[in-house]
$ cat target.txt   # compact mmCIF, C-alpha atoms and all ligand atoms
# COMPACT_ATOMS: atom_id res chain seq x y z
CA MET X 1 0.00 0.00 0.00
CA ILE X 2 1.47 3.32 -1.08
CA ASP X 3 1.47 6.13 1.46
CA PRO X 4 -1.74 8.11 0.75
CA TYR X 5 0.03 11.38 1.43
CA ALA X 6 2.61 10.54 -1.24
CA LEU X 7 -0.23 9.70 -3.63
CA ASP X 8 -1.77 13.08 -2.93
CA TRP X 9 1.46 14.84 -3.85
CA LEU X 10 1.82 12.73 -6.94
CA ALA X 11 -1.67 13.86 -7.94
CA LEU X 12 -0.68 17.46 -7.18
CA ALA X 13 2.40 17.27 -9.40
CA LEU X 14 0.54 15.51 -12.20
CA ARG X 15 -2.38 17.93 -12.16
CA TRP X 16 -0.08 20.92 -12.20
CA PHE X 17 1.92 19.44 -15.08
CA HIS X 18 -1.26 18.51 -16.95
CA PHE X 19 -2.38 22.09 -16.60
CA MET X 20 0.97 23.51 -17.76
CA MET X 21 1.05 21.33 -20.85
CA GLY X 22 -2.61 22.04 -21.59
CA VAL X 23 -1.97 25.78 -21.43
CA ALA X 24 1.03 25.42 -23.75
CA TRP X 25 -0.92 23.28 -26.23
CA ILE X 26 -4.03 25.41 -26.27
CA GLY X 27 -2.00 28.62 -26.34
CA ALA X 28 -0.03 27.47 -29.38
CA SER X 29 -3.07 26.12 -31.21
CA PHE X 30 -5.20 29.20 -30.55
CA TYR X 31 -2.29 31.33 -31.70
CA PHE X 32 -2.05 29.45 -35.01
CA VAL X 33 -5.80 29.61 -35.55
CA TRP X 34 -5.65 33.34 -34.95
CA LEU X 35 -2.64 33.64 -37.27
CA ASN X 36 -4.35 31.75 -40.07
CA ASN X 37 -7.55 33.75 -39.64
CA SER X 38 -5.78 37.10 -39.45
CA ILE X 39 -3.32 36.75 -42.32
CA ARG X 40 -4.24 38.89 -45.34
CA PRO X 41 -3.01 38.56 -48.94
CA PRO X 42 0.05 40.72 -49.63
CA SER X 43 -0.38 43.86 -51.66
CA PRO X 44 1.11 44.08 -54.16
CA ALA X 45 0.77 40.32 -54.78
CA GLN X 46 3.98 38.36 -54.24
CA GLU X 47 5.04 35.19 -56.01
CA GLY X 48 4.50 32.15 -53.74
CA VAL X 49 3.16 34.14 -50.77
CA ALA X 50 -0.41 33.45 -49.60
CA GLY X 51 -0.49 36.20 -47.01
CA GLY X 52 1.21 37.86 -44.13
CA LEU X 53 0.88 40.04 -41.09
CA TRP X 54 2.83 42.19 -38.71
CA ALA X 55 2.61 41.96 -34.95
CA VAL X 56 4.21 43.69 -32.01
CA HIS X 57 4.68 41.81 -28.76
CA GLY X 58 7.03 41.99 -25.80
CA GLY X 59 9.01 44.90 -27.20
CA ALA X 60 9.72 43.53 -30.68
CA PHE X 61 8.15 43.51 -34.14
CA TYR X 62 7.39 40.23 -35.88
CA GLU X 63 6.71 39.66 -39.54
CA VAL X 64 4.98 36.40 -40.45
CA ARG X 65 4.50 35.07 -43.97
CA LYS X 66 2.28 32.20 -45.05
CA LEU X 67 3.47 30.42 -48.19
CA GLN X 68 1.42 29.02 -51.04
CA GLY X 69 2.51 25.39 -50.89
CA ALA X 70 5.99 24.51 -49.70
CA PRO X 71 9.23 26.50 -49.59
CA ALA X 72 11.77 25.84 -52.36
CA ARG X 73 13.97 23.97 -49.91
CA LEU X 74 13.54 22.70 -46.37
CA PRO X 75 14.74 25.26 -43.79
CA GLU X 76 17.48 24.11 -41.46
CA VAL X 77 15.31 24.57 -38.36
CA LEU X 78 11.61 23.82 -38.71
CA HIS X 79 9.47 24.05 -35.56
CA TRP X 80 6.83 21.41 -34.96
CA PHE X 81 4.19 21.65 -32.27
CA LYS X 82 3.35 18.25 -30.89
CA TRP X 83 4.91 17.56 -27.51
CA GLU X 84 2.48 19.88 -25.74
CA ALA X 85 -0.37 17.73 -27.04
CA TYR X 86 1.26 14.40 -26.22
CA LEU X 87 2.30 15.45 -22.72
CA THR X 88 -1.13 16.90 -21.98
CA TRP X 89 -2.70 13.58 -22.84
CA LEU X 90 -0.11 11.46 -21.03
CA SER X 91 -0.34 13.48 -17.82
CA GLY X 92 -4.13 13.56 -18.10
CA PHE X 93 -4.25 9.82 -18.55
CA ALA X 94 -1.95 9.27 -15.56
CA LEU X 95 -4.24 11.51 -13.52
CA LEU X 96 -7.28 9.58 -14.66
CA VAL X 97 -5.68 6.33 -13.54
CA LEU X 98 -4.49 7.74 -10.22
CA SER X 99 -7.55 9.73 -9.21
CA TRP X 100 -10.31 7.64 -10.74
CA TRP X 101 -9.36 4.10 -11.80
CA TRP X 102 -7.15 3.52 -8.75
CA GLN X 103 -10.03 4.57 -6.49
CA ALA X 104 -12.80 3.20 -8.66
CA GLY X 105 -14.67 1.69 -5.73
CA THR X 106 -15.31 5.03 -4.09
CA ARG X 107 -15.16 7.43 -7.02
CA MET X 108 -16.53 5.65 -10.08
CA VAL X 109 -19.04 3.24 -8.61
CA ASP X 110 -22.30 4.65 -7.30
CA PRO X 111 -24.54 1.87 -6.01
CA ALA X 112 -27.55 4.18 -6.45
CA VAL X 113 -26.78 4.26 -10.20
CA ALA X 114 -25.59 0.73 -10.97
CA ALA X 115 -24.13 -2.16 -8.98
CA LEU X 116 -20.81 -2.40 -10.84
CA SER X 117 -17.64 -3.83 -9.37
CA PRO X 118 -14.63 -1.46 -9.38
CA ALA X 119 -13.05 -3.55 -12.16
CA GLN X 120 -16.19 -3.25 -14.27
CA ALA X 121 -16.26 0.51 -13.75
CA VAL X 122 -12.64 0.79 -14.89
CA GLY X 123 -13.51 -1.42 -17.87
CA VAL X 124 -16.31 0.96 -18.83
CA GLY X 125 -13.96 3.94 -18.49
CA ALA X 126 -11.14 2.39 -20.52
CA GLY X 127 -13.58 1.04 -23.10
CA THR X 128 -15.04 4.50 -23.57
CA LEU X 129 -11.63 5.92 -24.46
CA VAL X 130 -10.75 3.16 -26.92
CA LEU X 131 -14.14 2.62 -28.58
CA GLY X 132 -14.84 6.35 -28.57
CA TRP X 133 -11.71 6.97 -30.60
CA LEU X 134 -12.42 4.11 -33.02
CA VAL X 135 -15.92 5.43 -33.73
CA TYR X 136 -14.76 9.04 -34.07
CA ASP X 137 -11.82 8.13 -36.30
CA GLY X 138 -14.03 5.89 -38.43
CA LEU X 139 -16.57 8.66 -38.95
CA CYS X 140 -13.82 11.14 -39.90
CA ARG X 141 -12.52 8.69 -42.55
CA SER X 142 -15.98 7.89 -43.94
CA PRO X 143 -17.47 9.84 -46.88
CA LEU X 144 -19.05 12.08 -44.22
CA ARG X 145 -15.69 13.84 -43.99
CA ARG X 146 -16.72 15.94 -46.99
CA HIS X 147 -19.86 17.15 -45.18
CA GLY X 148 -18.42 19.06 -42.25
CA ALA X 149 -21.70 20.26 -40.73
CA ALA X 150 -23.42 16.85 -40.88
CA LEU X 151 -20.32 15.21 -39.39
CA GLY X 152 -20.20 17.82 -36.64
CA LEU X 153 -23.85 17.21 -35.77
CA LEU X 154 -23.34 13.46 -35.71
CA LEU X 155 -20.30 13.84 -33.41
CA LEU X 156 -22.36 16.01 -31.08
CA LEU X 157 -25.08 13.35 -30.94
CA PHE X 158 -22.51 10.62 -30.40
CA SER X 159 -20.83 12.52 -27.54
CA ALA X 160 -24.24 13.21 -25.98
CA GLY X 161 -25.02 9.50 -26.24
CA VAL X 162 -21.76 8.60 -24.52
CA ALA X 163 -22.40 11.12 -21.72
CA TRP X 164 -25.88 9.69 -21.26
CA GLY X 165 -24.70 6.09 -21.39
CA LEU X 166 -21.96 6.65 -18.84
CA SER X 167 -24.39 8.42 -16.51
CA GLN X 168 -26.45 5.19 -16.47
CA VAL X 169 -23.57 3.13 -15.09
CA LEU X 170 -20.99 5.36 -13.35
CA SER X 171 -21.13 7.97 -10.61
CA ALA X 172 -22.19 11.36 -11.95
CA ARG X 173 -18.75 12.91 -11.71
CA ALA X 174 -17.01 9.89 -13.19
CA ALA X 175 -19.44 9.99 -16.13
CA TRP X 176 -18.50 13.62 -16.81
CA MET X 177 -14.77 13.02 -16.37
CA HIS X 178 -14.76 10.08 -18.77
CA THR X 179 -16.74 11.95 -21.39
CA GLY X 180 -14.18 14.76 -21.12
CA ALA X 181 -11.31 12.27 -21.23
CA MET X 182 -12.77 10.74 -24.40
CA LEU X 183 -12.94 14.13 -26.12
CA GLY X 184 -9.41 14.98 -24.91
CA THR X 185 -8.25 11.64 -26.31
CA TRP X 186 -9.74 12.51 -29.71
CA MET X 187 -7.82 15.77 -29.66
CA ALA X 188 -4.44 14.29 -28.76
CA ALA X 189 -4.90 11.26 -31.03
CA ASN X 190 -5.80 13.62 -33.89
CA VAL X 191 -2.39 15.23 -33.43
CA LEU X 192 -0.52 11.92 -33.11
CA PHE X 193 -2.24 9.86 -35.80
CA VAL X 194 -3.42 12.38 -38.38
CA ILE X 195 -2.11 15.92 -38.11
CA ILE X 196 1.58 15.25 -37.46
CA PRO X 197 1.88 12.31 -39.92
CA GLY X 198 0.18 14.53 -42.52
CA GLN X 199 2.72 17.26 -41.94
CA ARG X 200 5.52 14.72 -42.13
CA ALA X 201 4.17 13.54 -45.50
CA MET X 202 4.18 17.17 -46.64
CA VAL X 203 7.81 17.58 -45.64
CA ASP X 204 8.78 14.28 -47.26
CA ALA X 205 7.06 15.33 -50.48
CA LEU X 206 8.99 18.60 -50.40
CA VAL X 207 12.31 16.82 -49.95
CA ALA X 208 11.46 14.35 -52.73
CA GLY X 209 10.28 17.16 -55.00
CA ALA X 210 6.87 15.48 -55.28
CA PRO X 211 3.52 17.33 -55.25
CA PRO X 212 2.14 17.88 -51.73
CA PRO X 213 -0.32 15.16 -50.52
CA VAL X 214 -3.53 17.19 -50.79
CA GLU X 215 -5.84 14.53 -49.35
CA ARG X 216 -3.78 14.25 -46.16
CA GLY X 217 -3.69 17.99 -45.79
CA ALA X 218 -7.49 18.05 -45.91
CA ALA X 219 -7.72 15.29 -43.28
CA GLY X 220 -5.39 17.23 -40.99
CA ALA X 221 -7.41 20.42 -41.46
CA LEU X 222 -10.64 18.61 -40.51
CA ARG X 223 -9.09 17.24 -37.32
CA SER X 224 -7.63 20.63 -36.42
CA LEU X 225 -11.06 22.16 -36.84
CA HIS X 226 -12.56 19.57 -34.48
CA ASN X 227 -9.81 20.18 -31.94
CA ASN X 228 -10.53 23.88 -32.11
CA TYR X 229 -14.20 23.41 -31.23
CA LEU X 230 -13.55 20.71 -28.61
CA THR X 231 -11.06 22.78 -26.61
CA LEU X 232 -13.43 24.86 -24.50
CA PRO X 233 -15.88 22.04 -23.67
CA VAL X 234 -12.96 19.87 -22.52
CA LEU X 235 -11.56 22.74 -20.46
CA PHE X 236 -14.87 23.05 -18.68
CA VAL X 237 -14.87 19.38 -17.74
CA MET X 238 -11.43 19.92 -16.19
CA ILE X 239 -12.76 22.60 -13.83
CA SER X 240 -16.22 21.09 -13.35
CA SER X 241 -15.33 19.45 -10.03
CA HIS X 242 -15.79 22.86 -8.48
CA PHE X 243 -19.41 22.98 -9.59
CA PRO X 244 -21.42 20.05 -8.21
CA SER X 245 -24.69 21.60 -9.41
CA THR X 246 -23.63 20.79 -13.00
CA TRP X 247 -22.66 17.11 -12.93
CA GLY X 248 -24.77 16.53 -9.81
CA HIS X 249 -27.97 17.56 -11.65
CA GLU X 250 -30.38 14.67 -12.21
CA HIS X 251 -29.83 15.08 -15.96
CA GLY X 252 -26.15 15.91 -15.60
CA TRP X 253 -25.34 14.46 -19.03
CA ALA X 254 -27.68 16.99 -20.68
CA VAL X 255 -26.12 19.82 -18.68
CA LEU X 256 -22.74 18.66 -20.01
CA VAL X 257 -24.02 18.75 -23.59
CA GLY X 258 -25.46 22.23 -22.98
CA LEU X 259 -22.26 23.61 -21.49
CA GLY X 260 -20.27 21.99 -24.30
CA LEU X 261 -22.42 23.89 -26.78
CA VAL X 262 -21.86 27.14 -24.87
CA GLY X 263 -18.10 26.63 -25.26
CA ALA X 264 -18.27 25.59 -28.92
CA LEU X 265 -20.53 28.53 -29.84
CA TYR X 266 -18.22 30.95 -28.07
CA ARG X 267 -15.28 29.49 -29.96
CA HIS X 268 -17.21 29.83 -33.23
CA TRP X 269 -17.84 33.48 -32.49
CA VAL X 270 -14.10 34.01 -31.97
CA ASN X 271 -13.23 32.15 -35.19
CA VAL X 272 -15.57 34.07 -37.48
CA GLY X 273 -14.68 37.36 -35.81
CA GLU X 274 -10.99 36.77 -36.48
CA ARG X 275 -11.79 36.17 -40.12
CA GLY X 276 -13.38 39.61 -40.26
CA ARG X 277 -17.00 38.37 -40.37
CA PRO X 278 -18.23 39.01 -36.82
CA GLN X 279 -21.49 37.28 -35.86
CA PRO X 280 -22.63 38.87 -32.60
CA LEU X 281 -25.75 36.68 -32.54
CA VAL X 282 -23.56 33.62 -32.00
CA LEU X 283 -22.10 35.24 -28.89
CA VAL X 284 -25.59 36.16 -27.71
CA ALA X 285 -26.75 32.57 -28.25
CA SER X 286 -23.79 31.25 -26.25
CA GLY X 287 -24.45 33.67 -23.40
CA LEU X 288 -28.20 33.01 -23.35
CA LEU X 289 -27.65 29.28 -23.27
CA LEU X 290 -25.30 29.69 -20.31
CA VAL X 291 -27.87 31.75 -18.42
CA ALA X 292 -30.64 29.30 -19.32
CA LEU X 293 -28.54 26.40 -18.00
CA GLY X 294 -28.04 28.35 -14.79
CA PHE X 295 -31.81 28.42 -14.36
CA VAL X 296 -32.30 24.80 -15.33
CA THR X 297 -29.74 23.48 -12.84
CA ARG X 298 -31.02 25.61 -9.95
CA PRO X 299 -32.00 23.22 -7.14
CA ALA X 300 -35.72 22.92 -6.52
CA PRO X 301 -36.79 24.91 -3.45
CA ALA X 302 -37.09 22.70 -0.39
CA PRO X 303 -40.67 21.92 0.63
CA VAL X 304 -41.96 24.08 3.43
CA ALA X 305 -42.09 22.29 6.79
CA ALA X 306 -45.61 21.35 7.79
CA PRO X 307 -46.88 23.44 10.71
CA GLY X 308 -46.29 21.69 13.97
CA GLN X 309 -43.55 19.50 12.49
CA ALA X 310 -40.74 19.41 15.03
CA ALA X 311 -37.51 20.98 13.87
CA VAL X 312 -34.58 18.58 13.68
CA PRO X 313 -32.15 19.43 16.50
CA LEU X 314 -28.47 19.89 15.77
CA THR X 315 -27.61 17.03 18.12
CA ARG X 316 -29.42 14.60 15.78
CA VAL X 317 -27.33 15.82 12.85
CA GLN X 318 -24.21 15.60 14.98
CA GLN X 319 -24.92 11.91 15.50
CA LEU X 320 -25.27 11.36 11.76
CA VAL X 321 -22.08 13.28 11.03
CA ALA X 322 -20.20 11.21 13.62
CA VAL X 323 -21.26 7.99 11.88
CA HIS X 324 -21.04 9.07 8.25
CA CYS X 325 -18.52 11.91 7.96
CA LEU X 326 -16.01 12.12 10.80
CA GLY X 327 -14.05 9.11 9.58
CA CYS X 328 -12.63 11.42 6.91
CA HIS X 329 -13.68 14.96 7.85
CA SER X 330 -11.92 15.31 11.18
CA ALA X 331 -8.73 16.97 12.37
CA THR X 332 -7.56 13.39 13.00
CA PRO X 333 -9.26 11.18 10.40
CA LEU X 334 -9.49 7.49 11.24
CA GLN X 335 -10.44 6.30 7.75
CA PRO X 336 -7.40 4.56 6.21
CA GLY X 337 -6.06 6.48 3.24
CA PHE X 338 -6.99 9.89 4.66
CA PRO X 339 -3.96 11.36 6.44
CA VAL X 340 -5.68 14.78 6.47
CA ALA X 341 -9.30 15.84 6.11
CA PRO X 342 -10.22 16.08 2.40
CA LYS X 343 -10.25 19.69 1.21
CA GLY X 344 -9.66 20.75 4.83
CA VAL X 345 -13.37 20.20 5.56
CA VAL X 346 -13.82 19.14 9.20
CA PHE X 347 -16.95 18.63 11.29
CA ASP X 348 -15.46 17.98 14.74
CA ARG X 349 -17.33 20.73 16.58
CA PRO X 350 -21.05 21.55 16.44
CA GLU X 351 -20.21 25.04 15.15
CA ASP X 352 -18.28 23.44 12.25
CA ILE X 353 -21.49 21.69 11.26
CA GLU X 354 -23.61 24.84 11.69
CA ARG X 355 -21.25 26.95 9.64
CA GLN X 356 -21.12 24.47 6.76
CA ALA X 357 -24.81 23.64 6.64
CA ALA X 358 -25.16 24.79 3.03
CA ALA X 359 -22.16 22.73 1.86
CA ILE X 360 -23.44 19.68 3.76
CA HIS X 361 -26.85 20.08 2.13
CA GLN X 362 -25.25 20.29 -1.29
CA GLN X 363 -23.05 17.23 -0.84
CA VAL X 364 -25.47 15.00 1.05
CA VAL X 365 -28.92 15.96 -0.27
CA GLN X 366 -28.53 17.61 -3.66
CA THR X 367 -25.67 15.74 -5.31
CA ARG X 368 -25.45 12.83 -2.83
CA VAL X 369 -21.70 12.49 -3.48
CA MET X 370 -21.04 12.38 0.27
CA PRO X 371 -20.34 10.23 2.19
CA LEU X 372 -17.76 9.34 -0.45
CA GLY X 373 -18.79 6.19 -2.31
CA ASN X 374 -21.45 5.90 0.43
CA LEU X 375 -18.89 3.81 2.32
CA THR X 376 -20.89 4.17 5.50
CA GLY X 377 -24.20 3.23 3.88
CA MET X 378 -26.11 6.45 4.62
CA THR X 379 -29.83 5.84 4.02
CA ASP X 380 -32.36 8.05 2.23
CA GLU X 381 -34.16 8.61 5.54
CA GLU X 382 -30.94 9.93 7.06
CA ARG X 383 -30.44 12.27 4.12
CA GLU X 384 -33.99 13.53 4.66
CA ILE X 385 -33.16 14.27 8.29
CA VAL X 386 -30.20 16.38 7.14
CA ALA X 387 -32.46 18.14 4.61
CA ALA X 388 -35.09 18.84 7.28
CA TRP X 389 -32.47 20.20 9.65
CA VAL X 390 -30.99 22.57 7.07
CA GLN X 391 -34.45 23.72 6.10
CA GLY X 392 -35.45 24.20 9.72
CA ARG X 393 -32.55 26.56 10.27
CA GLY X 394 -33.56 28.49 7.16
CA ALA X 395 -30.23 27.92 5.46
CA THR X 396 -31.32 25.93 2.43
CA PRO X 397 -29.06 27.14 -0.36
C1 LIG I 401 -14.44 8.10 2.92
C2 LIG I 401 -14.11 9.47 3.13
C3 LIG I 401 -15.22 10.50 3.20
C4 LIG I 401 -16.38 10.46 3.94
C5 LIG I 401 -16.85 9.36 4.87
C6 LIG I 401 -17.04 11.71 3.69
N1 LIG I 401 -16.32 12.48 2.84
FE1 LIG I 401 -16.72 14.39 2.27
N2 LIG I 401 -15.07 14.41 1.10
C7 LIG I 401 -14.24 13.34 0.89
C8 LIG I 401 -13.31 13.66 -0.18
C9 LIG I 401 -12.23 12.76 -0.75
C10 LIG I 401 -13.63 14.96 -0.59
C11 LIG I 401 -12.97 15.78 -1.72
C12 LIG I 401 -13.72 15.45 -2.98
C13 LIG I 401 -13.14 16.15 -4.16
O1 LIG I 401 -11.95 16.13 -4.36
O2 LIG I 401 -13.96 16.70 -4.89
C14 LIG I 401 -14.71 15.41 0.24
C15 LIG I 401 -15.27 16.66 0.14
C16 LIG I 401 -16.33 17.10 0.92
C17 LIG I 401 -16.84 18.45 0.93
C18 LIG I 401 -16.27 19.62 0.15
C19 LIG I 401 -16.83 19.59 -1.24
C20 LIG I 401 -16.23 20.67 -2.11
O3 LIG I 401 -16.12 20.40 -3.30
O4 LIG I 401 -15.85 21.72 -1.60
C21 LIG I 401 -17.90 18.48 1.79
C22 LIG I 401 -18.77 19.66 2.17
C23 LIG I 401 -18.06 17.13 2.32
N3 LIG I 401 -17.09 16.32 1.78
C24 LIG I 401 -19.02 16.74 3.22
C25 LIG I 401 -19.16 15.46 3.70
C26 LIG I 401 -20.24 15.06 4.60
C27 LIG I 401 -21.33 15.96 5.09
C28 LIG I 401 -20.01 13.75 4.86
C29 LIG I 401 -20.87 12.86 5.72
C30 LIG I 401 -22.25 12.76 5.38
C31 LIG I 401 -18.81 13.34 4.18
N4 LIG I 401 -18.33 14.40 3.47
C32 LIG I 401 -18.25 12.07 4.26
C33 LIG I 401 -14.22 12.17 1.60
C34 LIG I 401 -15.20 11.76 2.50
$ encode --input "target.txt" --output "structure tokens" --more "lines below"
Ligand code: HEC
Amino acid sequence: MIDPYALDWLALALRWFHFMMGVAWIGASFYFVWLNNSIRPPSPAQEGVAGGLWAVHGGAFYEVRKLQGAPARLPEVLHWFKWEAYLTWLSGFALLVLSWWWQAGTRMVDPAVAALSPAQAVGVGAGTLVLGWLVYDGLCRSPLRRHGAALGLLLLLFSAGVAWGLSQVLSARAAWMHTGAMLGTWMAANVLFVIIPGQRAMVDALVAGAPPPVERGAAGALRSLHNNYLTLPVLFVMISSHFPSTWGHEHGWAVLVGLGLVGALYRHWVNVGERGRPQPLVLVASGLLLVALGFVTRPAPAPVAAPGQAAVPLTRVQQLVAVHCLGCHSATPLQPGFPVAPKGVVFDRPEDIERQAAAIHQQVVQTRVMPLGNLTGMTDEEREIVAAWVQGRGATP
């Protein structure tokens, strides 16, 4: 058994690294999208030059030229952009294994959703990544590749289906994370299997003096376009842990699809704007959808206590917390694997419980993610007692 504290630091280092590489990848790819969109044909026209632009940044001027086709000879130093993508995926995958597959029993399995064994849950997660890629890649190679909009719609439906399917077998958060991991896998695999090999074929053709492989260029462009629209939805999944009302919603998969659309629409607005054809309505649609989702995911107001119904005393909740929470959420946790209280949340003193009533309500009643993996077997009746107590003190969030 590895020291849980060491595992925690491993997760810290991996998450930080994942974030760094993600920022580098997305930064570079957004920069190139911007560059391509912003470049304008030279005037007067220049032989072999498709366009160019000037930029000033960090105290220097930069002149960029985009060529029609390939340069006459291969430059000595040619920069490729691929390691950011590979390392983002590798660190993300390691994090998935460490934080989810390794702890599948408590984090991926939710007995209230489906009675899977931890191994089955990991199988579902791994299968989603592999099969998801095979389906996506197959669709991108089919004749549909020439019908961008239809393909895009089909991919949206497929992703929605995966999110829904996972939500029928895994815990709500695990379903979200694995949908995000599948989309992130498409992005990185696009770079590894299609975009970079296509560029290599281009370079080889240049060296051999052969005509550039047009078909492979088109395939790479399609995958780059998908990556561009997938970026913001995947980024949201990364930060979604902070927002239990999203994945914790009873139709969390639909909320994920909705938020994914918000991100993709926003990205579309940026893309067309950069090309000099601003479409403000797209931005409005993205914003309105975000606001609408905010309303949809708002928790239903708690029912008003019947007159004469006795308020639940704090001491009753204290008993429940002692049984179901203190194992982990204490200054000195007794639950193996928890050297410190998760997220620093402790309920040792009655005033700790009082103060965090809203958070307790959210975790125990609304999203039901606590007690973690329901290790202690908290019953629905007990959750109702917590709900009644919170409501009685008028602190229902
Ligand atoms: C087996 C250990 C365990 C038990 C038992 C447990 N928790 Fe947690 N709790 C966790 C972990 C792990 C996290 C951090 C989850 C994460 O990273 O999102 C957490 C996080 C929380 C948070 C903070 C959520 C946030 O995102 O800020 C609250 C509040 C909470 N738990 C309440 C409870 C309550 C109330 C109970 C008892 C009904 C309980 N927990 C039982 C392990 C446990």
$ residues_near_ligand --input "target.txt" --ligand "ligand LIG 401 (chain I)" --cutoff "8 Å" --atoms "only C-alpha atoms and all ligand atoms" --output "PyMOL selection string"
chain X and resi 106+241-244+320-321+323-329+335+338+341-343+345+356+359-364+369-376+378
$ write_last_selection --input "target.txt" --atoms "C-alpha atoms" --output "JSON list (two decimals), keeping the file's coordinate frame"
[["chain", "number", "residue", "atom", "x", "y", "z"],
["X", 106, "THR", "CA", -15.31, 5.03, -4.09],
["X", 241, "SER", "CA", -15.33, 19.45, -10.03],
["X", 242, "HIS", "CA", -15.79, 22.86, -8.48],
["X", 243, "PHE", "CA", -19.41, 22.98, -9.59],
["X", 244, "PRO", "CA", -21.42, 20.05, -8.21],
["X", 320, "LEU", "CA", -25.27, 11.36, 11.76],
["X", 321, "VAL", "CA", -22.08, 13.28, 11.03],
["X", 323, "VAL", "CA", -21.26, 7.99, 11.88],
["X", 324, "HIS", "CA", -21.04, 9.07, 8.25],
["X", 325, "CYS", "CA", -18.52, 11.91, 7.96],
["X", 326, "LEU", "CA", -16.01, 12.12, 10.80],
["X", 327, "GLY", "CA", -14.05, 9.11, 9.58],
["X", 328, "CYS", "CA", -12.63, 11.42, 6.91],
["X", 329, "HIS", "CA", -13.68, 14.96, 7.85],
["X", 335, "GLN", "CA", -10.44, 6.30, 7.75],
["X", 338, "PHE", "CA", -6.99, 9.89, 4.66],
["X", 341, "ALA", "CA", -9.30, 15.84, 6.11],
["X", 342, "PRO", "CA", -10.22, 16.08, 2.40],
["X", 343, "LYS", "CA", -10.25, 19.69, 1.21],
["X", 345, "VAL", "CA", -13.37, 20.20, 5.56],
["X", 356, "GLN", "CA", -21.12, 24.47, 6.76],
["X", 359, "ALA", "CA", -22.16, 22.73, 1.86],
["X", 360, "ILE", "CA", -23.44, 19.68, 3.76],
["X", 361, "HIS", "CA", -26.85, 20.08, 2.13],
["X", 362, "GLN", "CA", -25.25, 20.29, -1.29],
["X", 363, "GLN", "CA", -23.05, 17.23, -0.84],
["X", 364, "VAL", "CA", -25.47, 15.00, 1.05],
["X", 369, "VAL", "CA", -21.70, 12.49, -3.48],
["X", 370, "MET", "CA", -21.04, 12.38, 0.27],
["X", 371, "PRO", "CA", -20.34, 10.23, 2.19],
["X", 372, "LEU", "CA", -17.76, 9.34, -0.45],
["X", 373, "GLY", "CA", -18.79, 6.19, -2.31],
["X", 374, "ASN", "CA", -21.45, 5.90, 0.43],
["X", 375, "LEU", "CA", -18.89, 3.81, 2.32],
["X", 376, "THR", "CA", -20.89, 4.17, 5.50],
["X", 378, "MET", "CA", -26.11, 6.45, 4.62]]
$ closest_residue --input "target.txt" --among "X:Asp348, X:Ala60, X:Gly69, X:Ala322" --to "Glu47 (chain X)" --atoms "all atoms listed in the file"
X:Gly69
$ closest_atom_pairs --input "target.txt" --of "region 124-232 of chain X" --to "region 270-286 of chain X" --cutoff "12 Å" --atoms "only C-alpha atoms" --output "CSV"
residue,atom,partner,partner_atom,distance
X:Leu225,CA,X:Asn271,CA,10.4
X:Asn228,CA,X:Asn271,CA,9.2
X:Tyr229,CA,X:Asn271,CA,9.6
X:Leu232,CA,X:Val270,CA,11.8
$ atom_distance --input "target.txt" --atom1 "CA of Leu289 (chain X)" --atom2 "CA of Arg145 (chain X)"
28.5 Å
$ closest_residue --input "target.txt" --among "X:Tyr136, X:Phe93, X:Trp253, X:Trp186" --to "Ser167 (chain X)" --atoms "all atoms listed in the file"
X:Trp253
$ residues_around --input "target.txt" --residues "Arg316 (chain X)" --least-positions-apart "5" --cutoff "9 Å" --atoms "all atoms listed in the file" --output "PyMOL selection string"
chain X and resi 321+385-386+389
$ closest_residue --input "target.txt" --among "X:Pro339, X:Gly209, X:Gly248, X:Gly377" --to "Pro299 (chain X)" --atoms "all atoms listed in the file"
X:Gly248
$ closest_residue --input "target.txt" --among "X:Asp110, X:Thr246, X:Asp8, X:Ala331" --to "Gly294 (chain X)" --atoms "all atoms listed in the file"
X:Thr246
$ closest_atom_pairs --input "target.txt" --of "region 146-226 of chain X" --to "region 18-24 of chain X" --cutoff "12 Å" --atoms "all atoms listed in the file" --output "tab-separated table"
residue	atom	partner	partner_atom	distance
X:Gly184	CA	X:Gly22	CA	10.3
X:Met187	CA	X:Gly22	CA	11.5
X:Ala188	CA	X:Gly22	CA	10.7
$ atom_distance --input "target.txt" --atom1 "CA of Gln318 (chain X)" --atom2 "CA of Pro350 (chain X)"
6.9 Å
$ atom_distance --input "target.txt" --atom1 "CA of Pro71 (chain X)" --atom2 "CA of Ala50 (chain X)"
11.9 Å
$ residues_near_point --input "target.txt" --point "(6.6, 39.2, -45.9)" --cutoff "10 Å" --atoms "only C-alpha atoms" --output "VMD selection string"
chain X and resid 42 46 49 to 54 63 to 67
$ residues_around --input "target.txt" --residues "region 311-315 of chain X" --least-positions-apart "2" --cutoff "7 Å" --atoms "only C-alpha atoms" --output "MDAnalysis selection string"
chainID X and resid 309 317:319 388:389 392
$ axis_aligned_box --input "target.txt" --around "region 74-88 of chain X" --padding-each-side "6 Å" --output "AutoDock Vina command-line options"
--center_x 8.2 --center_y 19.8 --center_z -34.2 --size_x 30.6 --size_y 22.9 --size_z 36.4
$ closest_residue --input "target.txt" --among "X:Met202, X:Ala55, X:Leu14, X:Ala85" --to "Ala28 (chain X)" --atoms "all atoms listed in the file"
X:Ala85
$ closest_residue --input "target.txt" --among "X:Leu334, X:Val390, X:Leu139, X:Val169" --to "Glu354 (chain X)" --atoms "only C-alpha atoms"
X:Val390
$ residues_around --input "target.txt" --residues "region 119-127 of chain X" --least-positions-apart "6" --cutoff "12 Å" --atoms "all atoms listed in the file" --output "VMD selection string"
chain X and resid 93 96 to 111 113 133 to 135 162 to 163 165 to 171 174 to 182 185
